[in-house]
file coords_32.csv (CSV, C-alpha atoms)
chain,number,residue,atom,x,y,z
A,21,MET,CA,0.0,0.0,0.0
A,22,ALA,CA,2.8,2.4,0.9
A,23,THR,CA,4.5,1.6,-2.5
A,24,ILE,CA,1.3,2.6,-4.4
A,25,ARG,CA,1.0,5.9,-2.5
A,26,ARG,CA,4.7,6.7,-3.3
A,27,LEU,CA,4.0,5.9,-6.9
A,28,LEU,CA,0.9,8.1,-7.0
A,29,CYS,CA,2.8,10.9,-5.4
A,30,LEU,CA,5.7,10.6,-7.8
A,31,THR,CA,3.3,10.5,-10.8
A,32,GLY,CA,1.4,13.6,-9.5
A,33,PHE,CA,4.8,15.4,-9.0
A,34,THR,CA,5.8,14.5,-12.6
A,35,VAL,CA,2.5,15.8,-13.9
A,36,CYS,CA,2.9,19.1,-12.0
A,37,LEU,CA,6.4,19.5,-13.5
A,38,PHE,CA,5.1,18.8,-17.0
A,39,VAL,CA,2.1,21.2,-16.7
A,40,SER,CA,4.2,24.0,-15.3
A,41,SER,CA,6.8,23.7,-18.1
A,42,PRO,CA,7.9,27.1,-19.6
A,43,VAL,CA,7.0,25.8,-23.1
A,44,SER,CA,3.6,27.1,-24.1
A,45,ALA,CA,1.7,25.9,-27.1
A,46,GLN,CA,-0.1,29.1,-28.0
A,47,LYS,CA,-1.9,29.7,-31.2
A,48,GLN,CA,-0.2,33.1,-31.9
A,49,PRO,CA,3.6,33.0,-31.8
A,50,GLY,CA,4.1,36.7,-31.0
A,51,LEU,CA,6.3,37.1,-34.0
A,52,GLU,CA,5.5,38.0,-37.5
A,53,LEU,CA,8.0,36.9,-40.3
A,54,SER,CA,7.7,38.5,-43.7
A,55,ASN,CA,9.6,39.4,-46.9
A,56,PRO,CA,11.6,36.2,-47.4
A,57,ARG,CA,14.8,36.7,-49.4
A,58,PHE,CA,17.4,34.2,-50.5
A,59,LYS,CA,20.8,35.3,-51.8
A,60,GLN,CA,23.8,33.4,-53.2
A,61,GLU,CA,27.2,35.1,-53.0
A,62,GLN,CA,30.7,34.1,-53.9
A,63,ASN,CA,33.6,34.7,-51.4
A,64,VAL,CA,37.0,34.9,-53.0
A,65,ASN,CA,40.3,34.9,-51.1
A,66,PHE,CA,43.4,35.7,-53.2
A,67,SER,CA,46.7,34.7,-51.7
A,68,PRO,CA,49.7,35.9,-53.8
A,69,ARG,CA,53.2,34.4,-53.2
A,70,PHE,CA,54.9,37.8,-52.5
A,71,THR,CA,53.8,40.5,-50.2
A,72,ALA,CA,55.6,43.6,-48.8
A,73,THR,CA,56.8,41.6,-45.8
A,74,LYS,CA,58.3,38.7,-47.8
A,75,SER,CA,61.6,38.7,-49.7
A,76,GLY,CA,60.7,35.9,-52.1
A,77,ARG,CA,63.4,33.6,-50.8
A,78,ASP,CA,62.1,30.5,-49.0
A,79,ASP,CA,65.1,30.3,-46.8
A,80,ASP,CA,64.6,33.8,-45.5
A,81,ASP,CA,60.8,33.9,-45.3
A,82,TYR,CA,59.8,30.5,-44.0
A,83,PHE,CA,60.9,28.1,-41.3
A,84,PRO,CA,61.2,24.4,-42.4
A,85,ALA,CA,57.9,23.4,-40.8
A,86,GLU,CA,55.9,26.3,-42.3
A,87,PHE,CA,53.7,26.0,-45.4
A,88,ARG,CA,55.3,27.5,-48.4
A,89,PRO,CA,52.9,29.2,-50.9
A,90,PRO,CA,53.0,28.1,-54.5
A,91,ARG,CA,56.0,29.3,-56.7
A,92,GLY,CA,55.7,31.6,-59.6
A,93,PRO,CA,52.9,33.9,-60.8
A,94,GLN,CA,51.0,31.0,-62.4
A,95,GLU,CA,50.8,29.3,-59.0
A,96,LYS,CA,49.0,32.1,-57.2
A,97,VAL,CA,46.2,30.7,-55.1
A,98,ILE,CA,42.6,31.8,-55.4
A,99,TYR,CA,40.1,30.3,-53.0
A,100,SER,CA,36.5,30.5,-53.9
A,101,LYS,CA,33.4,29.5,-51.9
A,102,TRP,CA,29.8,29.9,-52.6
A,103,SER,CA,27.4,30.6,-49.7
A,104,SER,CA,23.6,30.8,-49.6
A,105,LYS,CA,21.9,33.1,-47.2
A,106,ALA,CA,18.3,33.2,-46.2
A,107,GLU,CA,16.8,36.3,-44.5
A,108,ALA,CA,13.4,37.6,-43.4
A,109,ILE,CA,11.9,40.5,-41.6
A,110,ALA,CA,11.0,39.7,-38.0
A,111,HIS,CA,8.5,41.9,-36.1
A,112,ASN,CA,8.0,41.1,-32.4
A,113,THR,CA,4.2,41.5,-31.7
A,114,SER,CA,4.5,40.2,-28.1
A,115,SER,CA,5.1,42.2,-24.9
A,116,LYS,CA,8.3,40.2,-24.2
A,117,THR,CA,11.9,40.4,-25.5
A,118,ILE,CA,12.9,37.6,-27.9
A,119,SER,CA,16.4,36.1,-27.5
A,120,THR,CA,16.3,33.2,-30.1
A,121,VAL,CA,14.2,32.3,-33.1
A,122,VAL,CA,14.1,28.9,-34.8
A,123,TRP,CA,12.5,29.4,-38.2
A,124,GLU,CA,11.8,27.5,-41.4
A,125,TYR,CA,12.5,28.8,-44.9
A,126,ILE,CA,10.3,26.9,-47.3
A,127,PHE,CA,10.4,26.7,-51.1
A,128,PHE,CA,7.4,25.6,-53.2
A,129,SER,CA,7.3,24.2,-56.7
A,130,ASP,CA,3.8,25.7,-57.5
A,131,ALA,CA,2.2,29.1,-57.2
A,132,SER,CA,-0.5,27.7,-54.9
A,133,MET,CA,2.2,26.9,-52.4
A,134,ARG,CA,1.1,23.3,-51.8
A,135,ARG,CA,4.0,21.2,-53.0
A,136,GLU,CA,7.2,21.8,-51.1
A,137,SER,CA,10.5,21.5,-53.1
A,138,GLY,CA,12.8,22.2,-50.1
A,139,LYS,CA,12.9,23.6,-46.6
A,140,TYR,CA,15.6,24.8,-44.2
A,141,ARG,CA,15.5,25.1,-40.5
A,142,ILE,CA,17.5,28.1,-39.3
A,143,HIS,CA,18.5,29.0,-35.7
A,144,THR,CA,19.0,32.7,-35.1
A,145,LYS,CA,20.1,34.4,-31.9
A,146,ILE,CA,18.7,37.9,-31.8
A,147,GLN,CA,17.7,40.6,-29.2
A,148,LEU,CA,14.3,41.7,-30.4
A,149,ARG,CA,12.4,43.9,-28.0
A,150,ALA,CA,8.6,44.2,-27.8
A,151,GLY,CA,7.3,46.0,-31.0
A,152,GLU,CA,10.8,46.0,-32.6
A,153,THR,CA,11.5,44.9,-36.2
A,154,LYS,CA,14.8,43.5,-37.4
A,155,THR,CA,16.2,41.4,-40.3
A,156,ILE,CA,17.0,37.8,-39.3
A,157,ARG,CA,19.6,35.8,-41.3
A,158,GLY,CA,20.9,32.3,-41.6
A,159,GLU,CA,23.2,30.4,-43.8
A,160,VAL,CA,22.2,27.2,-45.7
A,161,LEU,CA,24.2,24.7,-47.6
A,162,ALA,CA,22.4,23.5,-50.7
A,163,PRO,CA,20.0,26.0,-52.2
A,164,VAL,CA,16.7,25.0,-53.8
A,165,LEU,CA,15.7,28.0,-55.9
A,166,SER,CA,12.1,28.8,-56.6
A,167,PRO,CA,10.1,32.0,-56.7
A,168,TYR,CA,7.5,30.7,-54.3
A,169,GLN,CA,8.8,31.0,-50.8
A,170,LYS,CA,7.5,31.3,-47.3
A,171,VAL,CA,9.0,31.6,-43.8
A,172,LEU,CA,7.4,30.3,-40.5
A,173,PRO,CA,8.5,30.5,-36.9
A,174,LEU,CA,9.0,27.1,-35.2
A,175,ARG,CA,10.3,28.1,-31.8
A,176,ILE,CA,10.7,31.4,-30.0
A,177,GLU,CA,12.7,31.7,-26.8
A,178,TYR,CA,12.2,34.8,-24.6
A,179,THR,CA,14.7,36.5,-22.3
A,180,ASP,CA,12.4,35.7,-19.3
A,181,GLY,CA,13.0,31.9,-19.9
A,182,THR,CA,9.6,31.1,-21.5
A,183,VAL,CA,9.3,29.4,-24.8
A,184,TRP,CA,6.7,29.4,-27.6
A,185,GLN,CA,6.8,26.3,-29.8
A,186,SER,CA,4.8,25.6,-33.0
A,187,PRO,CA,2.1,23.0,-32.5
call {"tool": "encode", "arguments": {"input": "coords_32.csv", "output": "structure tokens"}}
result
Amino acid sequence: MATIRRLLCLTGFTVCLFVSSPVSAQKQPGLELSNPRFKQEQNVNFSPRFTATKSGRDDDDYFPAEFRPPRGPQEKVIYSKWSSKAEAIAHNTSSKTISTVVWEYIFFSDASMRRESGKYRIHTKIQLRAGETKTIRGEVLAPVLSPYQKVLPLRIEYTDGTVWQSP
């Protein structure tokens, strides 16, 4: 009998903890996301062999364990990297300050926006006060380009420790 009482007390305590969780499944997130934009840009890093601080002689410029740049003008190194960036306008409609937004950038293959062709989950740390509007950004790896795009908030963390999460 004592074991059953302990089990019931423990179950009741667990339910209380679950009910008083800071995550609230509200219908309205308190954040409006609009104006989705997707950009691709190329970052180029040019690394010539000779600079003003180098003499051009390996014995003078480099220790034996250091990496030597390529020799000759035809061996100049150009590093290139493409990056894709997603961004949206975030407007805080709640009375609390937002600290983190987890959002989804969705591409559709049709104008009715019913068939998804790709989606990205982006985690952005931001200080967004009540009533404030800012641009949120995130980097994604493989772009799926389509003119039909939409952004949705998935999770919002507030500075007071409470959390809104999409149902």
call {"tool": "residues_around", "arguments": {"input": "coords_32.csv", "residues": "stretch 143-156 of chain A", "least_positions_apart": "6", "cutoff": "8 Å", "atoms": "only C-alpha atoms", "output": "list in words"}}
result
Glu107, Ala108, Ile109, Ala110, His111, Asn112, Thr113, Ser114, Ser115, Lys116, Thr117, Ile118, Ser119, Thr120, Val121, Val122 and Trp123 of chain A
call {"tool": "atom_distance", "arguments": {"input": "coords_32.csv", "atom1": "atom CA of A:Val164", "atom2": "atom CA of A:Gln185"}}
result
26.0 Å
call {"tool": "closest_residue", "arguments": {"input": "coords_32.csv", "among": "A:Thr182, A:Lys139, A:Phe127, A:Arg134", "to": "A:Pro167", "atoms": "all atoms listed in the file"}}
result
A:Phe127
call {"tool": "atom_distance", "arguments": {"input": "coords_32.csv", "atom1": "atom CA of A:Leu161", "atom2": "atom CA of A:Ile176"}}
result
23.2 Å
call {"tool": "closest_residue", "arguments": {"input": "coords_32.csv", "among": "A:Tyr140, A:Val183, A:Ser54, A:Lys59", "to": "A:Val160", "atoms": "all atoms listed in the file"}}
result
A:Tyr140
